[in-house]
>>> print(open('entry21.pdb').read())   # PDB, C-alpha atoms
MODEL        1
ATOM      1  CA  MET Z 137      10.922  19.366   5.141
ATOM      2  CA  ILE Z 138      11.771  18.617   1.496
ATOM      3  CA  ALA Z 139      13.778  15.535   2.460
ATOM      4  CA  TYR Z 140      10.930  14.301   4.657
ATOM      5  CA  ALA Z 141       8.363  14.814   1.906
ATOM      6  CA  ALA Z 142      10.583  13.040  -0.630
ATOM      7  CA  ARG Z 143      11.088  10.106   1.743
ATOM      8  CA  ARG Z 144       7.363   9.795   2.400
ATOM      9  CA  PHE Z 145       6.686   9.963  -1.328
ATOM     10  CA  VAL Z 146       9.068   7.074  -1.972
ATOM     11  CA  TYR Z 147       7.423   5.063   0.815
ATOM     12  CA  GLY Z 148       4.054   5.799  -0.762
ATOM     13  CA  LEU Z 149       5.225   4.511  -4.138
ATOM     14  CA  LEU Z 150       6.446   1.321  -2.463
ATOM     15  CA  VAL Z 151       3.067   0.853  -0.761
ATOM     16  CA  LEU Z 152       1.291   1.470  -4.061
ATOM     17  CA  LEU Z 153       3.458  -1.156  -5.762
ATOM     18  CA  ILE Z 154       2.677  -3.711  -3.058
ATOM     19  CA  VAL Z 155      -1.068  -2.982  -3.219
ATOM     20  CA  THR Z 156      -1.046  -3.260  -7.017
ATOM     21  CA  ALA Z 157       0.756  -6.610  -6.842
ATOM     22  CA  MET Z 158      -1.702  -7.936  -4.247
ATOM     23  CA  VAL Z 159      -4.733  -6.883  -6.309
ATOM     24  CA  PHE Z 160      -3.140  -8.294  -9.473
ATOM     25  CA  ILE Z 161      -2.615 -11.709  -7.870
ATOM     26  CA  THR Z 162      -6.028 -11.697  -6.167
ATOM     27  CA  LEU Z 163      -7.873 -11.004  -9.430
ATOM     28  CA  ARG Z 164      -6.213 -13.923 -11.113
ATOM     29  CA  ALA Z 165      -6.822 -16.199  -8.142
ATOM     30  CA  ILE Z 166     -10.598 -15.806  -8.491
ATOM     31  CA  PRO Z 167     -12.073 -19.118  -9.740
ATOM     32  CA  GLY Z 168     -13.292 -19.163 -13.323
ATOM     33  CA  ASP Z 169     -12.021 -18.240 -16.764
ATOM     34  CA  VAL Z 170     -12.390 -14.535 -17.577
ATOM     35  CA  VAL Z 171     -12.705 -15.256 -21.313
ATOM     36  CA  ARG Z 172     -15.472 -17.825 -20.789
ATOM     37  CA  VAL Z 173     -17.296 -15.339 -18.565
ATOM     38  CA  GLN Z 174     -17.126 -12.638 -21.246
ATOM     39  CA  LEU Z 175     -18.215 -15.002 -24.025
ATOM     40  CA  ALA Z 176     -20.921 -16.760 -21.994
ATOM     41  CA  ASP Z 177     -23.710 -14.964 -23.891
ATOM     42  CA  SER Z 178     -22.213 -15.674 -27.315
ATOM     43  CA  PRO Z 179     -23.740 -18.823 -28.840
ATOM     44  CA  GLY Z 180     -21.592 -21.339 -30.684
ATOM     45  CA  VAL Z 181     -18.237 -20.256 -29.271
ATOM     46  CA  THR Z 182     -15.590 -22.907 -29.922
ATOM     47  CA  GLU Z 183     -12.560 -23.835 -27.852
ATOM     48  CA  GLU Z 184     -10.303 -22.469 -30.591
ATOM     49  CA  GLN Z 185     -11.988 -19.066 -30.364
ATOM     50  CA  ILE Z 186     -11.629 -19.086 -26.588
ATOM     51  CA  ALA Z 187      -7.934 -19.941 -26.898
ATOM     52  CA  GLN Z 188      -7.448 -17.207 -29.495
ATOM     53  CA  ARG Z 189      -9.153 -14.600 -27.296
ATOM     54  CA  THR Z 190      -7.076 -15.732 -24.305
ATOM     55  CA  ALA Z 191      -3.894 -15.230 -26.311
ATOM     56  CA  GLU Z 192      -5.067 -11.793 -27.521
ATOM     57  CA  LEU Z 193      -5.538 -10.656 -23.914
ATOM     58  CA  GLY Z 194      -2.185 -12.108 -22.879
ATOM     59  CA  LEU Z 195      -3.814 -14.388 -20.317
ATOM     60  CA  ASP Z 196      -1.980 -17.443 -21.679
ATOM     61  CA  GLN Z 197       1.278 -16.128 -20.216
ATOM     62  CA  PRO Z 198       2.498 -16.918 -16.662
ATOM     63  CA  VAL Z 199       1.156 -14.613 -13.947
ATOM     64  CA  TYR Z 200       4.577 -13.104 -13.187
ATOM     65  CA  SER Z 201       5.084 -12.337 -16.889
ATOM     66  CA  GLN Z 202       1.662 -10.641 -17.082
ATOM     67  CA  PHE Z 203       2.529  -8.560 -14.017
ATOM     68  CA  PHE Z 204       5.853  -7.335 -15.412
ATOM     69  CA  VAL Z 205       4.222  -6.473 -18.729
ATOM     70  CA  PHE Z 206       1.499  -4.492 -16.940
ATOM     71  CA  MET Z 207       3.934  -2.648 -14.641
ATOM     72  CA  GLY Z 208       6.212  -1.842 -17.592
ATOM     73  CA  GLY Z 209       3.300  -0.192 -19.360
ATOM     74  CA  ALA Z 210       2.125   1.537 -16.159
ATOM     75  CA  LEU Z 211       5.552   3.135 -15.639
ATOM     76  CA  ARG Z 212       5.234   4.610 -19.141
ATOM     77  CA  GLY Z 213       1.722   5.888 -18.358
ATOM     78  CA  ASP Z 214       0.005   3.125 -20.334
ATOM     79  CA  LEU Z 215      -2.383   1.089 -18.188
ATOM     80  CA  GLY Z 216      -3.424  -1.113 -21.082
ATOM     81  CA  THR Z 217      -6.765  -1.573 -22.786
ATOM     82  CA  SER Z 218     -10.064  -2.692 -21.361
ATOM     83  CA  PHE Z 219     -10.993  -6.361 -21.783
ATOM     84  CA  GLN Z 220     -14.619  -5.311 -22.232
ATOM     85  CA  ASP Z 221     -14.511  -2.783 -25.075
ATOM     86  CA  ASN Z 222     -10.789  -2.393 -25.941
ATOM     87  CA  ALA Z 223     -10.874   1.236 -24.796
ATOM     88  CA  SER Z 224      -7.812   2.880 -23.261
ATOM     89  CA  VAL Z 225      -7.842   2.401 -19.497
ATOM     90  CA  THR Z 226      -6.010   5.667 -18.864
ATOM     91  CA  ALA Z 227      -8.372   7.680 -21.067
ATOM     92  CA  GLU Z 228     -11.481   6.162 -19.467
ATOM     93  CA  ILE Z 229     -10.197   6.829 -15.945
ATOM     94  CA  LEU Z 230      -9.238  10.428 -16.750
ATOM     95  CA  HIS Z 231     -12.729  10.924 -18.191
ATOM     96  CA  ARG Z 232     -14.435   9.655 -15.044
ATOM     97  CA  LEU Z 233     -11.996  10.869 -12.393
ATOM     98  CA  PRO Z 234     -13.325  14.476 -12.158
ATOM     99  CA  ILE Z 235     -16.816  13.161 -11.384
ATOM    100  CA  THR Z 236     -15.570  11.081  -8.468
ATOM    101  CA  LEU Z 237     -13.341  13.908  -7.245
ATOM    102  CA  GLU Z 238     -16.345  16.243  -7.215
ATOM    103  CA  LEU Z 239     -18.395  13.773  -5.193
ATOM    104  CA  GLY Z 240     -15.530  13.122  -2.782
ATOM    105  CA  PHE Z 241     -14.837  16.831  -2.365
ATOM    106  CA  LEU Z 242     -18.485  17.576  -1.583
ATOM    107  CA  ALA Z 243     -18.607  14.718   0.945
ATOM    108  CA  ILE Z 244     -15.422  15.839   2.729
ATOM    109  CA  LEU Z 245     -16.531  19.482   2.626
ATOM    110  CA  LEU Z 246     -19.861  18.529   4.191
ATOM    111  CA  GLY Z 247     -18.089  16.487   6.860
ATOM    112  CA  VAL Z 248     -15.769  19.357   7.764
ATOM    113  CA  LEU Z 249     -18.399  22.123   7.702
ATOM    114  CA  LEU Z 250     -20.704  20.150  10.008
ATOM    115  CA  GLY Z 251     -18.192  18.137  12.033
ATOM    116  CA  LEU Z 252     -16.020  21.043  13.224
ATOM    117  CA  PRO Z 253     -18.803  23.210  14.723
ATOM    118  CA  LEU Z 254     -20.576  20.202  16.212
ATOM    119  CA  GLY Z 255     -17.379  18.984  17.870
ATOM    120  CA  LEU Z 256     -16.555  22.475  19.102
ATOM    121  CA  ILE Z 257     -20.031  23.011  20.575
ATOM    122  CA  SER Z 258     -19.941  19.580  22.183
ATOM    123  CA  ALA Z 259     -16.600  20.348  23.845
ATOM    124  CA  ILE Z 260     -17.664  23.800  25.068
ATOM    125  CA  ARG Z 261     -20.971  22.443  26.444
ATOM    126  CA  LYS Z 262     -19.376  19.370  27.993
ATOM    127  CA  ASN Z 263     -21.731  16.967  29.831
ATOM    128  CA  THR Z 264     -24.800  19.069  29.101
ATOM    129  CA  LEU Z 265     -27.940  17.755  27.414
ATOM    130  CA  LEU Z 266     -26.788  19.320  24.152
ATOM    131  CA  ASP Z 267     -23.431  17.553  24.413
ATOM    132  CA  GLN Z 268     -25.112  14.201  25.015
ATOM    133  CA  PHE Z 269     -27.388  14.720  22.022
ATOM    134  CA  LEU Z 270     -24.501  15.639  19.723
ATOM    135  CA  ARG Z 271     -22.508  12.628  20.923
ATOM    136  CA  LEU Z 272     -25.497  10.413  20.144
ATOM    137  CA  VAL Z 273     -25.717  11.914  16.662
ATOM    138  CA  SER Z 274     -22.011  11.204  16.151
ATOM    139  CA  VAL Z 275     -22.329   7.580  17.217
ATOM    140  CA  VAL Z 276     -25.310   7.077  14.918
ATOM    141  CA  GLY Z 277     -23.484   8.761  12.037
ATOM    142  CA  ILE Z 278     -20.473   6.479  12.404
ATOM    143  CA  SER Z 279     -22.608   3.347  12.784
ATOM    144  CA  ILE Z 280     -24.885   3.742   9.735
ATOM    145  CA  PRO Z 281     -23.416   2.282   6.504
ATOM    146  CA  ASN Z 282     -23.385   4.894   3.759
ATOM    147  CA  PHE Z 283     -25.095   2.653   1.196
ATOM    148  CA  TRP Z 284     -27.955   1.936   3.628
ATOM    149  CA  LEU Z 285     -28.329   5.648   4.341
ATOM    150  CA  ALA Z 286     -28.448   6.294   0.596
ATOM    151  CA  LEU Z 287     -31.208   3.726   0.138
ATOM    152  CA  LEU Z 288     -33.164   5.347   2.980
ATOM    153  CA  PHE Z 289     -32.884   8.726   1.267
ATOM    154  CA  ILE Z 290     -34.162   7.363  -2.026
ATOM    155  CA  THR Z 291     -36.986   5.341  -0.447
ATOM    156  CA  TYR Z 292     -38.432   7.914   1.921
ATOM    157  CA  LEU Z 293     -38.021  10.901  -0.353
ATOM    158  CA  SER Z 294     -40.021   9.069  -3.003
ATOM    159  CA  LEU Z 295     -42.662   7.971  -0.474
ATOM    160  CA  TRP Z 296     -43.065  11.275   1.348
ATOM    161  CA  PHE Z 297     -42.360  13.839  -1.383
ATOM    162  CA  GLN Z 298     -42.810  11.778  -4.573
ATOM    163  CA  TRP Z 299     -39.263  12.805  -5.571
ATOM    164  CA  SER Z 300     -36.365  10.663  -6.701
ATOM    165  CA  PRO Z 301     -32.802  11.614  -7.737
ATOM    166  CA  PRO Z 302     -32.134  12.215 -11.443
ATOM    167  CA  LEU Z 303     -31.054   9.131 -13.366
ATOM    168  CA  VAL Z 304     -29.045  11.021 -16.001
ATOM    169  CA  TYR Z 305     -25.825  12.670 -14.817
ATOM    170  CA  VAL Z 306     -25.276  16.283 -15.873
ATOM    171  CA  GLY Z 307     -21.837  17.859 -15.498
ATOM    172  CA  PRO Z 308     -21.313  21.035 -13.443
ATOM    173  CA  PHE Z 309     -20.308  23.001 -16.554
ATOM    174  CA  GLU Z 310     -23.480  21.975 -18.368
ATOM    175  CA  ASP Z 311     -26.007  22.724 -15.610
ATOM    176  CA  LEU Z 312     -24.609  23.452 -12.155
ATOM    177  CA  SER Z 313     -27.958  23.393 -10.344
ATOM    178  CA  GLN Z 314     -28.942  20.043 -11.867
ATOM    179  CA  ASN Z 315     -25.503  18.675 -11.067
ATOM    180  CA  LEU Z 316     -25.769  19.681  -7.404
ATOM    181  CA  VAL Z 317     -29.248  18.149  -7.207
ATOM    182  CA  HIS Z 318     -27.757  14.870  -8.416
ATOM    183  CA  MET Z 319     -24.735  15.059  -6.103
ATOM    184  CA  THR Z 320     -26.354  16.265  -2.870
ATOM    185  CA  LEU Z 321     -27.798  12.992  -1.585
ATOM    186  CA  PRO Z 322     -24.727  10.827  -2.293
ATOM    187  CA  ALA Z 323     -22.509  13.540  -0.801
ATOM    188  CA  ILE Z 324     -24.604  13.564   2.384
ATOM    189  CA  ALA Z 325     -24.550   9.775   2.563
ATOM    190  CA  LEU Z 326     -20.759   9.732   2.085
ATOM    191  CA  GLY Z 327     -20.044  12.695   4.347
ATOM    192  CA  THR Z 328     -22.130  11.593   7.335
ATOM    193  CA  ALA Z 329     -19.487   9.219   8.692
ATOM    194  CA  ALA Z 330     -16.771  11.839   8.129
ATOM    195  CA  MET Z 331     -18.852  14.446   9.943
ATOM    196  CA  ALA Z 332     -19.421  12.152  12.910
ATOM    197  CA  SER Z 333     -15.772  11.091  13.136
ATOM    198  CA  ILE Z 334     -14.476  14.667  12.927
ATOM    199  CA  SER Z 335     -16.956  15.799  15.569
ATOM    200  CA  ARG Z 336     -15.924  13.092  18.033
ATOM    201  CA  MET Z 337     -12.218  13.596  17.401
ATOM    202  CA  LEU Z 338     -12.399  17.373  17.796
ATOM    203  CA  ARG Z 339     -14.399  17.065  21.022
ATOM    204  CA  SER Z 340     -11.874  14.696  22.580
ATOM    205  CA  SER Z 341      -8.913  16.781  21.424
ATOM    206  CA  MET Z 342     -10.474  20.037  22.610
ATOM    207  CA  LEU Z 343     -11.239  18.652  26.062
ATOM    208  CA  GLU Z 344      -7.662  17.401  26.395
ATOM    209  CA  VAL Z 345      -6.188  20.745  25.348
ATOM    210  CA  MET Z 346      -8.608  22.779  27.482
ATOM    211  CA  GLY Z 347      -7.378  20.935  30.578
ATOM    212  CA  SER Z 348      -3.684  21.539  29.861
ATOM    213  CA  ASN Z 349      -1.401  23.880  31.812
ATOM    214  CA  PHE Z 350      -0.811  26.395  29.053
ATOM    215  CA  ILE Z 351      -4.571  27.055  28.735
ATOM    216  CA  ARG Z 352      -4.734  27.797  32.462
ATOM    217  CA  THR Z 353      -1.800  30.169  31.993
ATOM    218  CA  VAL Z 354      -3.525  31.935  29.108
ATOM    219  CA  ARG Z 355      -6.658  32.364  31.214
ATOM    220  CA  ALA Z 356      -4.612  33.633  34.180
ATOM    221  CA  ARG Z 357      -3.170  36.335  31.931
ATOM    222  CA  GLY Z 358      -6.697  37.640  31.348
ATOM    223  CA  ALA Z 359      -7.394  36.367  27.838
ATOM    224  CA  SER Z 360     -11.033  36.295  26.825
ATOM    225  CA  GLU Z 361     -12.826  32.955  26.553
ATOM    226  CA  TRP Z 362     -13.257  33.493  22.806
ATOM    227  CA  ASN Z 363      -9.494  34.002  22.452
ATOM    228  CA  VAL Z 364      -8.767  30.938  24.581
ATOM    229  CA  ILE Z 365     -11.076  28.662  22.613
ATOM    230  CA  PHE Z 366     -10.414  29.728  19.036
ATOM    231  CA  LYS Z 367      -6.837  31.006  19.062
ATOM    232  CA  HIS Z 368      -5.131  28.703  21.536
ATOM    233  CA  ALA Z 369      -7.213  25.605  22.191
ATOM    234  CA  GLY Z 370      -8.738  25.370  18.714
ATOM    235  CA  ARG Z 371      -5.457  25.532  16.820
ATOM    236  CA  ASN Z 372      -3.782  22.959  19.032
ATOM    237  CA  SER Z 373      -6.770  20.623  18.695
ATOM    238  CA  THR Z 374      -6.800  20.419  14.910
ATOM    239  CA  ILE Z 375      -3.768  18.153  14.375
ATOM    240  CA  PRO Z 376      -5.636  14.922  15.262
ATOM    241  CA  VAL Z 377      -8.505  16.154  13.084
ATOM    242  CA  PHE Z 378      -6.164  16.588  10.121
ATOM    243  CA  THR Z 379      -4.870  13.053  10.632
ATOM    244  CA  LEU Z 380      -8.425  11.739  10.679
ATOM    245  CA  LEU Z 381      -9.294  13.811   7.625
ATOM    246  CA  GLY Z 382      -6.563  12.105   5.632
ATOM    247  CA  LEU Z 383      -7.925   8.703   6.598
ATOM    248  CA  GLN Z 384     -11.467   9.759   5.735
ATOM    249  CA  VAL Z 385     -10.379  10.385   2.154
ATOM    250  CA  GLY Z 386      -9.784   6.657   1.807
ATOM    251  CA  ALA Z 387     -13.181   5.868   3.320
ATOM    252  CA  VAL Z 388     -14.890   8.309   0.955
ATOM    253  CA  LEU Z 389     -13.121   6.893  -2.109
ATOM    254  CA  GLY Z 390     -14.126   3.379  -1.082
ATOM    255  CA  GLY Z 391     -17.721   4.476  -0.531
ATOM    256  CA  THR Z 392     -18.010   5.811  -4.064
ATOM    257  CA  VAL Z 393     -17.904   2.262  -5.477
ATOM    258  CA  ILE Z 394     -21.408   1.475  -4.195
ATOM    259  CA  LEU Z 395     -22.957   4.944  -4.009
ATOM    260  CA  GLU Z 396     -22.134   5.888  -7.585
ATOM    261  CA  SER Z 397     -23.872   2.713  -8.716
ATOM    262  CA  ILE Z 398     -26.899   3.472  -6.543
ATOM    263  CA  PHE Z 399     -27.272   7.057  -7.820
ATOM    264  CA  SER Z 400     -26.276   6.348 -11.460
ATOM    265  CA  ILE Z 401     -23.174   8.543 -11.286
ATOM    266  CA  PRO Z 402     -20.688   7.636 -14.048
ATOM    267  CA  GLY Z 403     -17.562   8.085 -11.959
ATOM    268  CA  MET Z 404     -14.653   5.840 -11.090
ATOM    269  CA  GLY Z 405     -16.617   4.074  -8.368
ATOM    270  CA  SER Z 406     -19.214   2.765 -10.792
ATOM    271  CA  LEU Z 407     -16.386   1.984 -13.237
ATOM    272  CA  ILE Z 408     -14.736  -0.281 -10.661
ATOM    273  CA  PHE Z 409     -18.082  -1.917  -9.884
ATOM    274  CA  GLU Z 410     -18.722  -2.676 -13.549
ATOM    275  CA  SER Z 411     -15.149  -3.809 -14.160
ATOM    276  CA  VAL Z 412     -15.209  -6.289 -11.284
ATOM    277  CA  GLN Z 413     -18.447  -7.768 -12.610
ATOM    278  CA  PHE Z 414     -16.913  -8.305 -16.060
ATOM    279  CA  ARG Z 415     -13.489  -9.230 -14.653
ATOM    280  CA  ASP Z 416     -11.880  -6.414 -16.573
ATOM    281  CA  TYR Z 417      -8.449  -6.784 -14.977
ATOM    282  CA  PRO Z 418      -6.659  -3.772 -16.553
ATOM    283  CA  MET Z 419      -9.515  -1.403 -15.647
ATOM    284  CA  VAL Z 420      -9.656  -2.616 -12.035
ATOM    285  CA  LEU Z 421      -5.893  -2.312 -11.646
ATOM    286  CA  GLY Z 422      -5.881   1.139 -13.229
ATOM    287  CA  CYS Z 423      -8.547   2.358 -10.813
ATOM    288  CA  VAL Z 424      -6.638   0.861  -7.867
ATOM    289  CA  ILE Z 425      -3.492   2.735  -8.906
ATOM    290  CA  PHE Z 426      -5.358   6.038  -9.219
ATOM    291  CA  TYR Z 427      -7.223   5.564  -5.931
ATOM    292  CA  GLY Z 428      -4.047   4.535  -4.119
ATOM    293  CA  GLY Z 429      -2.135   7.469  -5.577
ATOM    294  CA  LEU Z 430      -4.823   9.930  -4.483
ATOM    295  CA  PHE Z 431      -4.894   8.515  -0.960
ATOM    296  CA  ILE Z 432      -1.094   8.645  -0.651
ATOM    297  CA  MET Z 433      -0.869  12.217  -1.943
ATOM    298  CA  VAL Z 434      -3.601  13.461   0.400
ATOM    299  CA  ASN Z 435      -1.916  11.902   3.436
ATOM    300  CA  LEU Z 436       1.434  13.364   2.340
ATOM    301  CA  LEU Z 437      -0.137  16.826   2.152
ATOM    302  CA  VAL Z 438      -1.676  16.313   5.590
ATOM    303  CA  ASP Z 439       1.700  15.407   7.086
ATOM    304  CA  VAL Z 440       3.352  18.449   5.525
ATOM    305  CA  ALA Z 441       0.522  20.678   6.797
ATOM    306  CA  TYR Z 442       1.273  19.677  10.398
ATOM    307  CA  ALA Z 443       4.210  22.072  10.583
ATOM    308  CA  ALA Z 444       2.086  24.959   9.316
ATOM    309  CA  ILE Z 445      -0.569  24.296  11.956
ATOM    310  CA  ASP Z 446       1.748  23.683  14.911
ATOM    311  CA  PRO Z 447       5.139  25.469  14.862
ATOM    312  CA  ARG Z 448       6.444  22.984  17.461
ATOM    313  CA  ILE Z 449       6.466  20.241  14.828
ATOM    314  CA  ARG Z 450       9.676  20.025  12.815
ATOM    315  CA  TYR Z 451      10.750  17.303  10.434
TER     316      TYR Z 451
ENDMDL
END
>>> encode(input="entry21.pdb", output="structure tokens")
Amino acid sequence: MIAYAARRFVYGLLVLLIVTAMVFITLRAIPGDVVRVQLADSPGVTEEQIAQRTAELGLDQPVYSQFFVFMGGALRGDLGTSFQDNASVTAEILHRLPITLELGFLAILLGVLLGLPLGLISAIRKNTLLDQFLRLVSVVGISIPNFWLALLFITYLSLWFQWSPPLVYVGPFEDLSQNLVHMTLPAIALGTAAMASISRMLRSSMLEVMGSNFIRTVRARGASEWNVIFKHAGRNSTIPVFTLLGLQVGAVLGGTVILESIFSIPGMGSLIFESVQFRDYPMVLGCVIFYGGLFIMVNLLVDVAYAAIDPRIRY
């Protein structure tokens, strides 16, 4: 198990390196001069000042040299300084990361708490009217983009109830109730797709397991239907759900980029959005590294959890 986890961790680092290199090259391939974009609102800027600023940011060096300098600092834990305000990239990300983690956790928690019972009910009541309704809800949940669902929430809540989400973020340690009020709508918008995907996956997995030979054997031995469903069929149906859950973490992290901007949440998602607008290369790359690292670690934990769920799995 330890050797498998170590091997997967090394593979994850290799993937993270490749992703970082791709993003690094893509950012610099975007047409336009990042210094001219940043100084566009400054009147009377001369070519000498532009050249000086370019040299200060290290953008006058070849792309491969810039990449090695950045990776050398990243390996030491230094992701550089922001082009926009000269702040430490690492410090800014660590300041905003807990906010995004809270939003992502609430979205995944909502998806699991709703998706598991809905999928279980749909499988138990197969081909009934209730099953067809729940399958329709799942299809709709997967099909609706989370940013569009968020805009619907804001629009119709303000029209029907004259209520809109708070514009000023309050941390959970300052005022927990106000924090949850701010986080509820974006968490629902982010977690809807996860809920629908988990529900559909669990239904399919449950139906496959319920038709297997060992379930018929368990029933022939006189086990109760509750025991059959929750102890035998349920446990053997959760492995595909865990795999899907790991993938949903990536979808949730990606969804925070737009939703945090919509709901004025000062997390990493809104930080990436702002950094892309200002072409703040170090900040974008730093966020990519943190997001990629989170996604890799979650999927590693999911793989390791397989053996705990199903004793037949050995690495």
>>> atom_distance(input="entry21.pdb", atom1="atom CA of Z:Ser340", atom2="atom CA of Z:Phe431")
25.3 Å
>>> resolve_selection(input="entry21.pdb", expression="the PyMOL selection byres ((chain Z and resi 413-421) around 8)", output="count of residues only")
23
>>> closest_atom_pairs(input="entry21.pdb", of="stretch 163-276 of chain Z", to="stretch 295-311 of chain Z", cutoff="12 Å", atoms="all atoms listed in the file", output="tab-separated table")
residue	atom	partner	partner_atom	distance
Z:His231	CA	Z:Gly307	CA	11.8
Z:Arg232	CA	Z:Gly307	CA	11.1
Z:Pro234	CA	Z:Gly307	CA	9.7
Z:Ile235	CA	Z:Gly307	CA	8.0
Z:Thr236	CA	Z:Gly307	CA	11.6
Z:Glu238	CA	Z:Pro308	CA	9.3
Z:Leu239	CA	Z:Pro308	CA	11.4
>>> write_last_selection(input="entry21.pdb", atoms="C-alpha atoms", output="PDB file, keeping the file's coordinate frame")
ATOM      1  CA  HIS Z 231     -12.729  10.924 -18.191  1.00  0.00           C
ATOM      2  CA  ARG Z 232     -14.435   9.655 -15.044  1.00  0.00           C
ATOM      3  CA  PRO Z 234     -13.325  14.476 -12.158  1.00  0.00           C
ATOM      4  CA  ILE Z 235     -16.816  13.161 -11.384  1.00  0.00           C
ATOM      5  CA  THR Z 236     -15.570  11.081  -8.468  1.00  0.00           C
ATOM      6  CA  GLU Z 238     -16.345  16.243  -7.215  1.00  0.00           C
ATOM      7  CA  LEU Z 239     -18.395  13.773  -5.193  1.00  0.00           C
TER       8      LEU Z 239
END
>>> atom_distance(input="entry21.pdb", atom1="atom CA of Z:Val199", atom2="atom CA of Z:Ala187")
16.7 Å
>>> closest_residue(input="entry21.pdb", among="Z:Leu288, Z:Val171, Z:Ile154, Z:Ala227", to="Z:Gly194", atoms="all atoms listed in the file")
Z:Val171
>>> atom_distance(input="entry21.pdb", atom1="atom CA of Z:Val146", atom2="atom CA of Z:Arg212")
17.8 Å
>>> resolve_selection(input="entry21.pdb", expression="the PyMOL selection byres ((chain Z and resi 383-393) around 9)", output="PyMOL selection string")
chain Z and resi 236-237+239-240+243-244+282-283+322+326-327+329-330+333+378-382+394-397+403-409+427-428+430-431+434-435
>>> resolve_selection(input="entry21.pdb", expression="the PyMOL selection byres ((chain Z and resi 267) around 12)", output="tab-separated table (two decimals) with C-alpha atoms, in the frame of the given file")
chain	number	residue	atom	x	y	z
Z	254	LEU	CA	-20.58	20.20	16.21
Z	255	GLY	CA	-17.38	18.98	17.87
Z	256	LEU	CA	-16.56	22.48	19.10
Z	257	ILE	CA	-20.03	23.01	20.58
Z	258	SER	CA	-19.94	19.58	22.18
Z	259	ALA	CA	-16.60	20.35	23.84
Z	260	ILE	CA	-17.66	23.80	25.07
Z	261	ARG	CA	-20.97	22.44	26.44
Z	262	LYS	CA	-19.38	19.37	27.99
Z	263	ASN	CA	-21.73	16.97	29.83
Z	264	THR	CA	-24.80	19.07	29.10
Z	265	LEU	CA	-27.94	17.76	27.41
Z	266	LEU	CA	-26.79	19.32	24.15
Z	268	GLN	CA	-25.11	14.20	25.02
Z	269	PHE	CA	-27.39	14.72	22.02
Z	270	LEU	CA	-24.50	15.64	19.72
Z	271	ARG	CA	-22.51	12.63	20.92
Z	272	LEU	CA	-25.50	10.41	20.14
Z	273	VAL	CA	-25.72	11.91	16.66
Z	274	SER	CA	-22.01	11.20	16.15
Z	335	SER	CA	-16.96	15.80	15.57
Z	336	ARG	CA	-15.92	13.09	18.03
Z	339	ARG	CA	-14.40	17.07	21.02
>>> closest_residue(input="entry21.pdb", among="Z:Ser201, Z:Thr328, Z:Ser313, Z:Thr291", to="Z:Gly247", atoms="only C-alpha atoms")
Z:Thr328
>>> closest_residue(input="entry21.pdb", among="Z:Phe241, Z:Met342, Z:Ile401, Z:Gly277", to="Z:Asn315", atoms="all atoms listed in the file")
Z:Ile401
>>> closest_residue(input="entry21.pdb", among="Z:Phe203, Z:Tyr140, Z:Phe350, Z:Tyr147", to="Z:Arg164", atoms="all atoms listed in the file")
Z:Phe203
>>> residues_around(input="entry21.pdb", residues="Z:Met346", least_positions_apart="6", cutoff="12 Å", atoms="all atoms listed in the file", output="ChimeraX atom specification")
/Z:256,259-260,262,338-340,352-355,361,364-373
>>> closest_residue(input="entry21.pdb", among="Z:Ala332, Z:Phe426, Z:Leu321, Z:Leu152", to="Z:Val276", atoms="all atoms listed in the file")
Z:Ala332
>>> axis_aligned_box(input="entry21.pdb", around="stretch 141-155 of chain Z", padding_each_side="5 Å", output="JSON")
{"center_x": 5.0, "center_y": 5.6, "center_z": -1.7, "size_x": 22.2, "size_y": 28.5, "size_z": 18.2}
